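**Student:** Pasting structure.csv below, which is CSV, N, CA and C atoms.
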```
chain,number,residue,atom,x,y,z
A,1,MET,N,-42.4,-128.7,-118.2
A,1,MET,CA,-42.3,-127.6,-119.2
A,1,MET,C,-40.8,-127.6,-119.6
A,2,ASN,N,-40.6,-127.5,-120.9
A,2,ASN,CA,-39.2,-127.4,-121.3
A,2,ASN,C,-38.6,-126.0,-121.2
A,3,MET,N,-37.3,-125.8,-121.3
A,3,MET,CA,-36.7,-124.5,-121.1
A,3,MET,C,-37.1,-123.5,-122.1
A,4,ARG,N,-37.2,-123.9,-123.4
A,4,ARG,CA,-37.6,-123.0,-124.4
A,4,ARG,C,-39.0,-122.3,-124.2
A,5,THR,N,-39.9,-123.2,-123.7
A,5,THR,CA,-41.2,-122.7,-123.4
A,5,THR,C,-41.2,-121.7,-122.2
A,6,ARG,N,-40.4,-122.1,-121.2
A,6,ARG,CA,-40.3,-121.3,-120.0
A,6,ARG,C,-39.6,-119.9,-120.4
A,7,ASN,N,-38.6,-120.0,-121.2
A,7,ASN,CA,-37.9,-118.7,-121.7
A,7,ASN,C,-38.9,-117.8,-122.4
A,8,GLN,N,-39.7,-118.4,-123.3
A,8,GLN,CA,-40.7,-117.6,-124.0
A,8,GLN,C,-41.7,-116.9,-123.1
A,9,GLN,N,-42.1,-117.7,-122.1
A,9,GLN,CA,-43.0,-117.1,-121.1
A,9,GLN,C,-42.4,-115.9,-120.4
A,10,ILE,N,-41.1,-116.0,-120.0
A,10,ILE,CA,-40.4,-115.0,-119.3
A,10,ILE,C,-40.3,-113.8,-120.2
A,11,ILE,N,-39.9,-114.0,-121.5
A,11,ILE,CA,-39.8,-112.9,-122.4
A,11,ILE,C,-41.1,-112.2,-122.6
A,12,ASN,N,-42.2,-112.9,-122.7
A,12,ASN,CA,-43.5,-112.3,-122.8
A,12,ASN,C,-43.9,-111.5,-121.6
A,13,ARG,N,-43.5,-112.0,-120.4
A,13,ARG,CA,-43.7,-111.2,-119.2
A,13,ARG,C,-42.9,-109.9,-119.2
A,14,ILE,N,-41.7,-110.0,-119.6
A,14,ILE,CA,-40.9,-108.8,-119.7
A,14,ILE,C,-41.5,-107.7,-120.7
A,15,HIS,N,-42.0,-108.2,-121.8
A,15,HIS,CA,-42.6,-107.3,-122.8
A,15,HIS,C,-43.9,-106.7,-122.1
A,16,THR,N,-44.6,-107.4,-121.4
A,16,THR,CA,-45.8,-106.9,-120.7
A,16,THR,C,-45.4,-105.8,-119.7
A,17,ILE,N,-44.4,-106.1,-118.9
A,17,ILE,CA,-43.9,-105.1,-117.9
A,17,ILE,C,-43.5,-103.8,-118.6
A,18,ILE,N,-42.7,-103.9,-119.7
A,18,ILE,CA,-42.3,-102.8,-120.4
A,18,ILE,C,-43.4,-102.0,-121.0
A,19,ALA,N,-44.5,-102.7,-121.5
A,19,ALA,CA,-45.6,-102.0,-122.0
A,19,ALA,C,-46.4,-101.3,-120.9
A,20,GLU,N,-46.5,-102.0,-119.7
A,20,GLU,CA,-47.2,-101.3,-118.6
A,20,GLU,C,-46.5,-100.1,-118.1
A,21,ASP,N,-45.2,-100.0,-118.3
A,21,ASP,CA,-44.4,-98.8,-118.0
A,21,ASP,C,-44.5,-97.8,-119.1
A,22,GLY,N,-45.1,-98.1,-120.2
A,22,GLY,CA,-45.2,-97.1,-121.3
A,22,GLY,C,-43.9,-96.9,-122.1
A,23,LEU,N,-43.1,-98.0,-122.1
A,23,LEU,CA,-41.8,-97.9,-122.8
A,23,LEU,C,-41.7,-98.7,-124.0
A,24,GLU,N,-42.8,-99.1,-124.6
A,24,GLU,CA,-42.8,-99.9,-125.8
A,24,GLU,C,-42.1,-99.1,-126.9
A,25,GLY,N,-41.2,-99.6,-127.6
A,25,GLY,CA,-40.5,-98.9,-128.7
A,25,GLY,C,-39.3,-98.2,-128.2
A,26,LYS,N,-39.2,-98.0,-126.8
A,26,LYS,CA,-38.0,-97.3,-126.3
A,26,LYS,C,-37.1,-98.2,-125.5
A,27,LEU,N,-37.6,-99.3,-125.0
A,27,LEU,CA,-36.8,-100.3,-124.2
A,27,LEU,C,-37.3,-101.7,-124.7
A,28,ASP,N,-36.3,-102.6,-124.8
A,28,ASP,CA,-36.6,-104.0,-125.1
A,28,ASP,C,-35.5,-104.9,-124.5
A,29,VAL,N,-35.8,-106.1,-124.5
A,29,VAL,CA,-34.9,-107.1,-124.0
A,29,VAL,C,-34.2,-107.9,-125.1
A,30,TYR,N,-32.9,-108.3,-124.8
A,30,TYR,CA,-32.2,-109.1,-125.8
A,30,TYR,C,-31.9,-110.4,-125.0
A,31,PRO,N,-32.8,-111.4,-125.1
A,31,PRO,CA,-32.6,-112.7,-124.4
A,31,PRO,C,-31.5,-113.5,-124.9
A,32,VAL,N,-30.6,-114.0,-124.0
A,32,VAL,CA,-29.5,-114.8,-124.4
A,32,VAL,C,-29.7,-116.2,-123.9
A,33,GLU,N,-29.9,-117.2,-124.7
A,33,GLU,CA,-30.2,-118.5,-124.3
A,33,GLU,C,-28.9,-119.5,-124.3
A,34,ASN,N,-27.8,-119.0,-124.9
A,34,ASN,CA,-26.6,-119.7,-124.8
A,34,ASN,C,-25.5,-118.8,-124.5
A,35,VAL,N,-24.3,-119.3,-124.3
A,35,VAL,CA,-23.2,-118.5,-123.8
A,35,VAL,C,-22.4,-117.8,-124.9
A,36,CYS,N,-22.9,-117.9,-126.2
A,36,CYS,CA,-22.2,-117.3,-127.3
A,36,CYS,C,-22.7,-116.0,-127.7
A,37,THR,N,-22.3,-115.0,-126.9
A,37,THR,CA,-22.7,-113.6,-127.2
A,37,THR,C,-21.6,-112.7,-126.7
A,38,ARG,N,-21.4,-111.6,-127.5
A,38,ARG,CA,-20.4,-110.7,-127.1
A,38,ARG,C,-21.0,-109.3,-126.9
A,39,ARG,N,-22.3,-109.3,-126.8
A,39,ARG,CA,-23.1,-108.0,-126.6
A,39,ARG,C,-22.8,-107.5,-125.2
A,40,PRO,N,-22.7,-106.1,-125.1
A,40,PRO,CA,-22.6,-105.5,-123.8
A,40,PRO,C,-23.9,-105.7,-123.0
A,41,ARG,N,-23.9,-105.3,-121.7
A,41,ARG,CA,-25.2,-105.4,-120.9
A,41,ARG,C,-26.2,-104.5,-121.4
A,42,TYR,N,-25.9,-103.3,-121.8
A,42,TYR,CA,-26.8,-102.3,-122.3
A,42,TYR,C,-26.3,-101.6,-123.6
A,43,TRP,N,-27.2,-101.4,-124.6
A,43,TRP,CA,-26.8,-100.7,-125.8
A,43,TRP,C,-28.0,-100.1,-126.5
A,44,ASN,N,-27.8,-99.2,-127.4
A,44,ASN,CA,-28.8,-98.6,-128.2
A,44,ASN,C,-28.7,-99.1,-129.6
A,45,ASP,N,-29.9,-99.5,-130.1
A,45,ASP,CA,-29.9,-100.0,-131.5
A,45,ASP,C,-30.8,-99.1,-132.3
A,46,GLY,N,-30.3,-97.9,-132.6
A,46,GLY,CA,-31.1,-96.9,-133.3
A,46,GLY,C,-32.1,-96.2,-132.3
A,47,ASP,N,-33.4,-96.5,-132.4
A,47,ASP,CA,-34.4,-95.9,-131.6
A,47,ASP,C,-34.7,-96.7,-130.3
A,48,THR,N,-34.2,-97.9,-130.2
A,48,THR,CA,-34.6,-98.8,-129.1
A,48,THR,C,-33.4,-99.0,-128.2
A,49,ASN,N,-33.6,-98.9,-126.9
A,49,ASN,CA,-32.6,-99.2,-125.9
A,49,ASN,C,-32.7,-100.7,-125.5
A,50,LEU,N,-31.7,-101.4,-125.6
A,50,LEU,CA,-31.7,-102.9,-125.3
A,50,LEU,C,-30.9,-103.2,-124.1
A,51,PHE,N,-31.4,-104.2,-123.3
A,51,PHE,CA,-30.6,-104.8,-122.2
A,51,PHE,C,-30.5,-106.3,-122.4
A,52,LYS,N,-29.4,-106.8,-122.1
A,52,LYS,CA,-29.1,-108.3,-122.2
A,52,LYS,C,-29.6,-109.0,-121.0
A,53,LEU,N,-30.3,-110.1,-121.2
A,53,LEU,CA,-30.8,-110.9,-120.1
A,53,LEU,C,-30.3,-112.4,-120.3
A,54,LEU,N,-29.5,-112.9,-119.4
A,54,LEU,CA,-29.0,-114.3,-119.5
A,54,LEU,C,-30.1,-115.2,-119.0
A,55,MET,N,-30.8,-115.9,-119.9
A,55,MET,CA,-32.0,-116.6,-119.6
A,55,MET,C,-31.7,-117.7,-118.5
A,56,TRP,N,-30.6,-118.3,-118.5
A,56,TRP,CA,-30.3,-119.4,-117.5
A,56,TRP,C,-30.2,-118.8,-116.1
A,57,THR,N,-30.1,-117.5,-115.9
A,57,THR,CA,-30.1,-116.9,-114.6
A,57,THR,C,-31.5,-116.7,-114.0
A,58,VAL,N,-32.5,-116.7,-114.9
A,58,VAL,CA,-33.9,-116.4,-114.4
A,58,VAL,C,-34.8,-117.6,-114.6
A,59,ASN,N,-34.6,-118.5,-115.6
A,59,ASN,CA,-35.6,-119.5,-115.9
A,59,ASN,C,-35.9,-120.5,-114.9
A,60,LYS,N,-35.1,-120.7,-113.9
A,60,LYS,CA,-35.3,-121.7,-112.8
A,60,LYS,C,-35.8,-121.0,-111.5
A,61,LEU,N,-36.0,-119.7,-111.5
A,61,LEU,CA,-36.5,-119.0,-110.3
A,61,LEU,C,-38.0,-119.3,-110.1
A,62,PRO,N,-38.4,-119.4,-108.8
A,62,PRO,CA,-39.8,-119.5,-108.5
A,62,PRO,C,-40.5,-118.3,-109.0
A,63,GLU,N,-41.8,-118.4,-109.2
A,63,GLU,CA,-42.6,-117.3,-109.8
A,63,GLU,C,-42.5,-116.0,-109.0
A,64,ASP,N,-42.6,-116.0,-107.7
A,64,ASP,CA,-42.6,-114.8,-106.9
A,64,ASP,C,-41.2,-114.1,-107.0
A,65,GLU,N,-40.1,-114.9,-106.9
A,65,GLU,CA,-38.8,-114.3,-107.1
A,65,GLU,C,-38.5,-113.9,-108.5
A,66,LEU,N,-39.1,-114.6,-109.5
A,66,LEU,CA,-38.9,-114.2,-110.9
A,66,LEU,C,-39.5,-112.9,-111.1
A,67,GLU,N,-40.7,-112.6,-110.6
A,67,GLU,CA,-41.3,-111.3,-110.9
A,67,GLU,C,-40.5,-110.2,-110.4
A,68,SER,N,-40.0,-110.3,-109.1
A,68,SER,CA,-39.2,-109.2,-108.6
A,68,SER,C,-37.9,-109.0,-109.3
A,69,THR,N,-37.3,-110.1,-109.8
A,69,THR,CA,-36.0,-110.1,-110.5
A,69,THR,C,-36.2,-109.4,-111.8
A,70,LEU,N,-37.3,-109.7,-112.5
A,70,LEU,CA,-37.5,-109.1,-113.8
A,70,LEU,C,-37.7,-107.6,-113.7
A,71,HIS,N,-38.5,-107.2,-112.6
A,71,HIS,CA,-38.6,-105.8,-112.4
A,71,HIS,C,-37.3,-105.1,-112.0
A,72,LEU,N,-36.4,-105.8,-111.3
A,72,LEU,CA,-35.1,-105.3,-111.0
A,72,LEU,C,-34.3,-105.0,-112.3
A,73,TYR,N,-34.3,-106.0,-113.2
A,73,TYR,CA,-33.6,-105.9,-114.5
A,73,TYR,C,-34.1,-104.7,-115.3
A,74,ILE,N,-35.4,-104.6,-115.4
A,74,ILE,CA,-36.0,-103.5,-116.1
A,74,ILE,C,-35.7,-102.2,-115.5
A,75,ASP,N,-35.8,-102.1,-114.2
A,75,ASP,CA,-35.5,-100.8,-113.5
A,75,ASP,C,-34.1,-100.4,-113.6
A,76,ASN,N,-33.2,-101.4,-113.6
A,76,ASN,CA,-31.8,-101.1,-113.9
A,76,ASN,C,-31.5,-100.5,-115.3
A,77,ALA,N,-32.2,-101.1,-116.2
A,77,ALA,CA,-32.1,-100.7,-117.6
A,77,ALA,C,-32.7,-99.3,-117.8
A,78,LYS,N,-33.8,-99.0,-117.1
A,78,LYS,CA,-34.4,-97.7,-117.2
A,78,LYS,C,-33.5,-96.7,-116.6
A,79,GLU,N,-32.9,-97.0,-115.5
A,79,GLU,CA,-32.0,-96.1,-114.8
A,79,GLU,C,-30.7,-95.8,-115.7
A,80,HIS,N,-30.2,-96.9,-116.3
A,80,HIS,CA,-29.1,-96.7,-117.2
A,80,HIS,C,-29.3,-95.8,-118.4
A,81,PHE,N,-30.5,-96.0,-119.0
A,81,PHE,CA,-30.9,-95.2,-120.2
A,81,PHE,C,-31.6,-93.9,-119.8
A,82,GLY,N,-31.9,-93.6,-118.6
A,82,GLY,CA,-32.5,-92.4,-118.2
A,82,GLY,C,-34.0,-92.3,-118.6
A,83,LEU,N,-34.7,-93.4,-118.6
A,83,LEU,CA,-36.1,-93.5,-119.0
A,83,LEU,C,-37.0,-93.3,-117.8
```
What is this file in structure tokens?

**Tutor:**
Amino acid sequence: MNMRTRNQQIINRIHTIIAEDGLEGKLDVYPVENVCTRRPRYWNDGDTNLFKLLMWTVNKLPEDELESTLHLYIDNAKEHFGL
């Protein structure tokens, strides 16, 4: 599997976790696939709170570790935004 496909699977999983938590429209991910970004870790884009995820830090993790890491990122974002 190539990295773009893997990244898309991870992004879809993040969206599923956010939906399961009832935060659709309130929280979203900003996936970064290259090093060219100057976005902060967390920010608000109008109605949506966004958190930055560096894809190269998660796309090579095994499935069990990936799941817990994604939940950690989402929980940290929820705590940051008070959701």

**Student:** So for stretch 6-15 of chain A, what box centre and size do we get, axis-aligned, 4 Å extra on each of the six sides, every listed atom, Å to one decimal, as lines of an AutoDock Vina configuration file?

**Tutor:**
```
center_x = -40.9
center_y = -114.4
center_z = -121.6
size_x = 14.0
size_y = 23.4
size_z = 12.8
```

**Student:** So which one's closest to A:Tyr73, A:Leu27, A:Val32, A:Leu53, A:Ala19? Using only C-alpha atoms, please.

**Tutor:**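 The closest residue to A:Tyr73 is A:Leu53.
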
**Student:** At a cut-off of 7 Å around the point (-40.7, -98.3, -131.7) (file coordinates), what residues fall inside when counting all atoms listed in the file? I'd like the answer as an MDAnalysis selection string.

**Tutor:** chainID A and resid 24:26 47:48

**Student:** Convert the current residue selection to file output with N, CA and C atoms, as a PDB file, in the frame of the given file.

**Tutor:**
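part_3.pdb written:
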```
ATOM      1  N   GLU A  24     -42.800 -99.100-124.600  1.00  0.00           N
ATOM      2  CA  GLU A  24     -42.800 -99.900-125.800  1.00  0.00           C
ATOM      3  C   GLU A  24     -42.100 -99.100-126.900  1.00  0.00           C
ATOM      4  N   GLY A  25     -41.200 -99.600-127.600  1.00  0.00           N
ATOM      5  CA  GLY A  25     -40.500 -98.900-128.700  1.00  0.00           C
ATOM      6  C   GLY A  25     -39.300 -98.200-128.200  1.00  0.00           C
ATOM      7  N   LYS A  26     -39.200 -98.000-126.800  1.00  0.00           N
ATOM      8  CA  LYS A  26     -38.000 -97.300-126.300  1.00  0.00           C
ATOM      9  C   LYS A  26     -37.100 -98.200-125.500  1.00  0.00           C
ATOM     10  N   ASP A  47     -33.400 -96.500-132.400  1.00  0.00           N
ATOM     11  CA  ASP A  47     -34.400 -95.900-131.600  1.00  0.00           C
ATOM     12  C   ASP A  47     -34.700 -96.700-130.300  1.00  0.00           C
ATOM     13  N   THR A  48     -34.200 -97.900-130.200  1.00  0.00           N
ATOM     14  CA  THR A  48     -34.600 -98.800-129.100  1.00  0.00           C
ATOM     15  C   THR A  48     -33.400 -99.000-128.200  1.00  0.00           C
TER      16      THR A  48
END
```

**Student:** Counting all atoms listed in the file, which of A:Val58, A:Gly22, A:Cys36, A:Asn44 gets nearest to A:Leu70?

**Tutor:**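 Once distances to A:Leu70 are computed over all atoms listed in the file, the minimum belongs to A:Val58.
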
**Student:** Going by DSSP on the backbone, which residues of chain A come out as strand (DSSP E)? List them as a PyMOL selection string.

**Tutor:** chain A and resi 27-32+42-45+48-54

**Student:** In terms of the shortest atom-to-atom distance over only C-alpha atoms, which of A:Thr16, A:Ile11, A:Ser68, A:Pro31 is closest to A:Phe51?

**Tutor:**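 Of all the options, A:Pro31 lies closest to A:Phe51.
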
**Student:** Just how far from atom C of A:His15 is atom CA of A:Glu67, in Å to one decimal?

**Tutor:**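 Computing the Euclidean distance for atom CA of A:Glu67 and atom C of A:His15 yields 12.4 Å.
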
**Student:** Tell me, which residues of chain A carry DSSP helix (DSSP H, G or I), written as a PyMOL selection string?

**Tutor:** chain A and resi 3-20+55-57+63-81

**Student:** Of the residues A:Thr37, A:Lys52, A:Glu63, A:Leu83, which is the one nearest to A:Gln9, using only C-alpha atoms?

**Tutor:**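 Looking only at the distances to A:Gln9, the closest residue turns out to be A:Glu63.
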
**Student:** Would you mind reading off the distance between atom C of A:Val35 and atom N of A:Asn59, one decimal, in Å?

**Tutor:** 15.4 Å

**Student:** Within 8 Å of (-35.5, -114.3, -113.8), only N, CA and C atoms: residues as a short mmCIF file (atom, residue, chain, number, x, y, z; two decimals) with N, CA and C atoms, keeping the file's coordinate frame?

**Tutor:**
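Once everything was written out, this is out_11.cif:
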```cif
data_model
loop_
_atom_site.label_atom_id
_atom_site.label_comp_id
_atom_site.auth_asym_id
_atom_site.auth_seq_id
_atom_site.Cartn_x
_atom_site.Cartn_y
_atom_site.Cartn_z
N ILE A 10 -41.10 -116.00 -120.00
CA ILE A 10 -40.40 -115.00 -119.30
C ILE A 10 -40.30 -113.80 -120.20
N LEU A 54 -29.50 -112.90 -119.40
CA LEU A 54 -29.00 -114.30 -119.50
C LEU A 54 -30.10 -115.20 -119.00
N MET A 55 -30.80 -115.90 -119.90
CA MET A 55 -32.00 -116.60 -119.60
C MET A 55 -31.70 -117.70 -118.50
N TRP A 56 -30.60 -118.30 -118.50
CA TRP A 56 -30.30 -119.40 -117.50
C TRP A 56 -30.20 -118.80 -116.10
N THR A 57 -30.10 -117.50 -115.90
CA THR A 57 -30.10 -116.90 -114.60
C THR A 57 -31.50 -116.70 -114.00
N VAL A 58 -32.50 -116.70 -114.90
CA VAL A 58 -33.90 -116.40 -114.40
C VAL A 58 -34.80 -117.60 -114.60
N ASN A 59 -34.60 -118.50 -115.60
CA ASN A 59 -35.60 -119.50 -115.90
C ASN A 59 -35.90 -120.50 -114.90
N LYS A 60 -35.10 -120.70 -113.90
CA LYS A 60 -35.30 -121.70 -112.80
C LYS A 60 -35.80 -121.00 -111.50
N LEU A 61 -36.00 -119.70 -111.50
CA LEU A 61 -36.50 -119.00 -110.30
C LEU A 61 -38.00 -119.30 -110.10
N PRO A 62 -38.40 -119.40 -108.80
CA PRO A 62 -39.80 -119.50 -108.50
C PRO A 62 -40.50 -118.30 -109.00
N GLU A 65 -40.10 -114.90 -106.90
CA GLU A 65 -38.80 -114.30 -107.10
C GLU A 65 -38.50 -113.90 -108.50
N LEU A 66 -39.10 -114.60 -109.50
CA LEU A 66 -38.90 -114.20 -110.90
C LEU A 66 -39.50 -112.90 -111.10
N GLU A 67 -40.70 -112.60 -110.60
CA GLU A 67 -41.30 -111.30 -110.90
C GLU A 67 -40.50 -110.20 -110.40
N SER A 68 -40.00 -110.30 -109.10
CA SER A 68 -39.20 -109.20 -108.60
C SER A 68 -37.90 -109.00 -109.30
N THR A 69 -37.30 -110.10 -109.80
CA THR A 69 -36.00 -110.10 -110.50
C THR A 69 -36.20 -109.40 -111.80
N LEU A 70 -37.30 -109.70 -112.50
CA LEU A 70 -37.50 -109.10 -113.80
C LEU A 70 -37.70 -107.60 -113.70
N HIS A 71 -38.50 -107.20 -112.60
CA HIS A 71 -38.60 -105.80 -112.40
C HIS A 71 -37.30 -105.10 -112.00
#
```

**Student:** Report, in Å to a single decimal, how far apart atom N of A:Glu33 and atom CA of A:Phe81 are.

**Tutor:** 22.5 Å

**Student:** Kindly add all heavy atoms to the incomplete stretch 64-75 of chain A and provide the output as a PDB file, in the frame of the given file.

**Tutor:**
```pdb
ATOM      1  N   ASP A  64     -42.600-116.000-107.700  1.00  0.00           N
ATOM      2  CA  ASP A  64     -42.600-114.800-106.900  1.00  0.00           C
ATOM      3  C   ASP A  64     -41.200-114.100-107.000  1.00  0.00           C
ATOM      4  O   ASP A  64     -41.079-112.885-107.087  1.00  0.00           O
ATOM      5  CB  ASP A  64     -42.936-115.020-105.415  1.00  0.00           C
ATOM      6  CG  ASP A  64     -42.055-116.059-104.739  1.00  0.00           C
ATOM      7  OD1 ASP A  64     -41.442-116.883-105.448  1.00  0.00           O
ATOM      8  OD2 ASP A  64     -41.976-116.050-103.494  1.00  0.00           O
ATOM      9  N   GLU A  65     -40.100-114.900-106.900  1.00  0.00           N
ATOM     10  CA  GLU A  65     -38.800-114.300-107.100  1.00  0.00           C
ATOM     11  C   GLU A  65     -38.500-113.900-108.500  1.00  0.00           C
ATOM     12  O   GLU A  65     -37.823-112.889-108.721  1.00  0.00           O
ATOM     13  CB  GLU A  65     -37.763-115.403-106.643  1.00  0.00           C
ATOM     14  CG  GLU A  65     -36.380-114.874-106.426  1.00  0.00           C
ATOM     15  CD  GLU A  65     -35.431-115.927-105.885  1.00  0.00           C
ATOM     16  OE1 GLU A  65     -35.878-116.880-105.227  1.00  0.00           O
ATOM     17  OE2 GLU A  65     -34.222-115.777-106.149  1.00  0.00           O
ATOM     18  N   LEU A  66     -39.100-114.600-109.500  1.00  0.00           N
ATOM     19  CA  LEU A  66     -38.900-114.200-110.900  1.00  0.00           C
ATOM     20  C   LEU A  66     -39.500-112.900-111.100  1.00  0.00           C
ATOM     21  O   LEU A  66     -38.824-112.015-111.780  1.00  0.00           O
ATOM     22  CB  LEU A  66     -39.569-115.264-111.783  1.00  0.00           C
ATOM     23  CG  LEU A  66     -39.607-114.934-113.268  1.00  0.00           C
ATOM     24  CD1 LEU A  66     -38.205-114.901-113.853  1.00  0.00           C
ATOM     25  CD2 LEU A  66     -40.482-115.913-114.011  1.00  0.00           C
ATOM     26  N   GLU A  67     -40.700-112.600-110.600  1.00  0.00           N
ATOM     27  CA  GLU A  67     -41.300-111.300-110.900  1.00  0.00           C
ATOM     28  C   GLU A  67     -40.500-110.200-110.400  1.00  0.00           C
ATOM     29  O   GLU A  67     -40.275-109.163-111.054  1.00  0.00           O
ATOM     30  CB  GLU A  67     -42.715-111.316-110.232  1.00  0.00           C
ATOM     31  CG  GLU A  67     -43.559-110.127-110.572  1.00  0.00           C
ATOM     32  CD  GLU A  67     -44.050-110.133-112.004  1.00  0.00           C
ATOM     33  OE1 GLU A  67     -44.048-111.175-112.679  1.00  0.00           O
ATOM     34  OE2 GLU A  67     -44.439-109.031-112.469  1.00  0.00           O
ATOM     35  N   SER A  68     -40.000-110.300-109.100  1.00  0.00           N
ATOM     36  CA  SER A  68     -39.200-109.200-108.600  1.00  0.00           C
ATOM     37  C   SER A  68     -37.900-109.000-109.300  1.00  0.00           C
ATOM     38  O   SER A  68     -37.362-107.931-109.488  1.00  0.00           O
ATOM     39  CB  SER A  68     -38.964-109.405-107.075  1.00  0.00           C
ATOM     40  OG  SER A  68     -38.241-110.581-106.833  1.00  0.00           O
ATOM     41  N   THR A  69     -37.300-110.100-109.800  1.00  0.00           N
ATOM     42  CA  THR A  69     -36.000-110.100-110.500  1.00  0.00           C
ATOM     43  C   THR A  69     -36.200-109.400-111.800  1.00  0.00           C
ATOM     44  O   THR A  69     -35.364-108.608-112.252  1.00  0.00           O
ATOM     45  CB  THR A  69     -35.450-111.527-110.674  1.00  0.00           C
ATOM     46  OG1 THR A  69     -35.256-112.117-109.388  1.00  0.00           O
ATOM     47  CG2 THR A  69     -34.136-111.512-111.422  1.00  0.00           C
ATOM     48  N   LEU A  70     -37.300-109.700-112.500  1.00  0.00           N
ATOM     49  CA  LEU A  70     -37.500-109.100-113.800  1.00  0.00           C
ATOM     50  C   LEU A  70     -37.700-107.600-113.700  1.00  0.00           C
ATOM     51  O   LEU A  70     -37.200-106.794-114.447  1.00  0.00           O
ATOM     52  CB  LEU A  70     -38.781-109.701-114.499  1.00  0.00           C
ATOM     53  CG  LEU A  70     -38.658-111.164-114.916  1.00  0.00           C
ATOM     54  CD1 LEU A  70     -39.953-111.635-115.565  1.00  0.00           C
ATOM     55  CD2 LEU A  70     -37.476-111.395-115.820  1.00  0.00           C
ATOM     56  N   HIS A  71     -38.500-107.200-112.600  1.00  0.00           N
ATOM     57  CA  HIS A  71     -38.600-105.800-112.400  1.00  0.00           C
ATOM     58  C   HIS A  71     -37.300-105.100-112.000  1.00  0.00           C
ATOM     59  O   HIS A  71     -37.050-103.970-112.473  1.00  0.00           O
ATOM     60  CB  HIS A  71     -39.626-105.534-111.216  1.00  0.00           C
ATOM     61  CG  HIS A  71     -41.052-105.635-111.625  1.00  0.00           C
ATOM     62  ND1 HIS A  71     -41.718-104.618-112.277  1.00  0.00           N
ATOM     63  CD2 HIS A  71     -41.946-106.647-111.505  1.00  0.00           C
ATOM     64  CE1 HIS A  71     -42.953-104.989-112.517  1.00  0.00           C
ATOM     65  NE2 HIS A  71     -43.117-106.221-112.059  1.00  0.00           N
ATOM     66  N   LEU A  72     -36.400-105.800-111.300  1.00  0.00           N
ATOM     67  CA  LEU A  72     -35.100-105.300-111.000  1.00  0.00           C
ATOM     68  C   LEU A  72     -34.300-105.000-112.300  1.00  0.00           C
ATOM     69  O   LEU A  72     -33.688-103.992-112.487  1.00  0.00           O
ATOM     70  CB  LEU A  72     -34.371-106.207-110.086  1.00  0.00           C
ATOM     71  CG  LEU A  72     -32.973-105.787-109.666  1.00  0.00           C
ATOM     72  CD1 LEU A  72     -33.036-104.511-108.835  1.00  0.00           C
ATOM     73  CD2 LEU A  72     -32.306-106.891-108.885  1.00  0.00           C
ATOM     74  N   TYR A  73     -34.300-106.000-113.200  1.00  0.00           N
ATOM     75  CA  TYR A  73     -33.600-105.900-114.500  1.00  0.00           C
ATOM     76  C   TYR A  73     -34.100-104.700-115.300  1.00  0.00           C
ATOM     77  O   TYR A  73     -33.333-103.917-115.836  1.00  0.00           O
ATOM     78  CB  TYR A  73     -33.684-107.164-115.328  1.00  0.00           C
ATOM     79  CG  TYR A  73     -32.665-108.220-115.023  1.00  0.00           C
ATOM     80  CD1 TYR A  73     -32.988-109.324-114.248  1.00  0.00           C
ATOM     81  CD2 TYR A  73     -31.371-108.139-115.521  1.00  0.00           C
ATOM     82  CE1 TYR A  73     -32.059-110.312-113.969  1.00  0.00           C
ATOM     83  CE2 TYR A  73     -30.427-109.115-115.258  1.00  0.00           C
ATOM     84  CZ  TYR A  73     -30.771-110.207-114.479  1.00  0.00           C
ATOM     85  OH  TYR A  73     -29.851-111.172-114.199  1.00  0.00           O
ATOM     86  N   ILE A  74     -35.400-104.600-115.400  1.00  0.00           N
ATOM     87  CA  ILE A  74     -36.000-103.500-116.100  1.00  0.00           C
ATOM     88  C   ILE A  74     -35.700-102.200-115.500  1.00  0.00           C
ATOM     89  O   ILE A  74     -35.403-101.185-116.163  1.00  0.00           O
ATOM     90  CB  ILE A  74     -37.531-103.760-116.297  1.00  0.00           C
ATOM     91  CG1 ILE A  74     -37.733-104.987-117.203  1.00  0.00           C
ATOM     92  CG2 ILE A  74     -38.240-102.533-116.878  1.00  0.00           C
ATOM     93  CD1 ILE A  74     -39.150-105.505-117.237  1.00  0.00           C
ATOM     94  N   ASP A  75     -35.800-102.100-114.200  1.00  0.00           N
ATOM     95  CA  ASP A  75     -35.500-100.800-113.500  1.00  0.00           C
ATOM     96  C   ASP A  75     -34.100-100.400-113.600  1.00  0.00           C
ATOM     97  O   ASP A  75     -33.799 -99.230-113.833  1.00  0.00           O
ATOM     98  CB  ASP A  75     -35.874-100.952-111.975  1.00  0.00           C
ATOM     99  CG  ASP A  75     -37.372-101.026-111.709  1.00  0.00           C
ATOM    100  OD1 ASP A  75     -38.163-100.673-112.615  1.00  0.00           O
ATOM    101  OD2 ASP A  75     -37.744-101.444-110.592  1.00  0.00           O
TER     102      ASP A  75
END
```
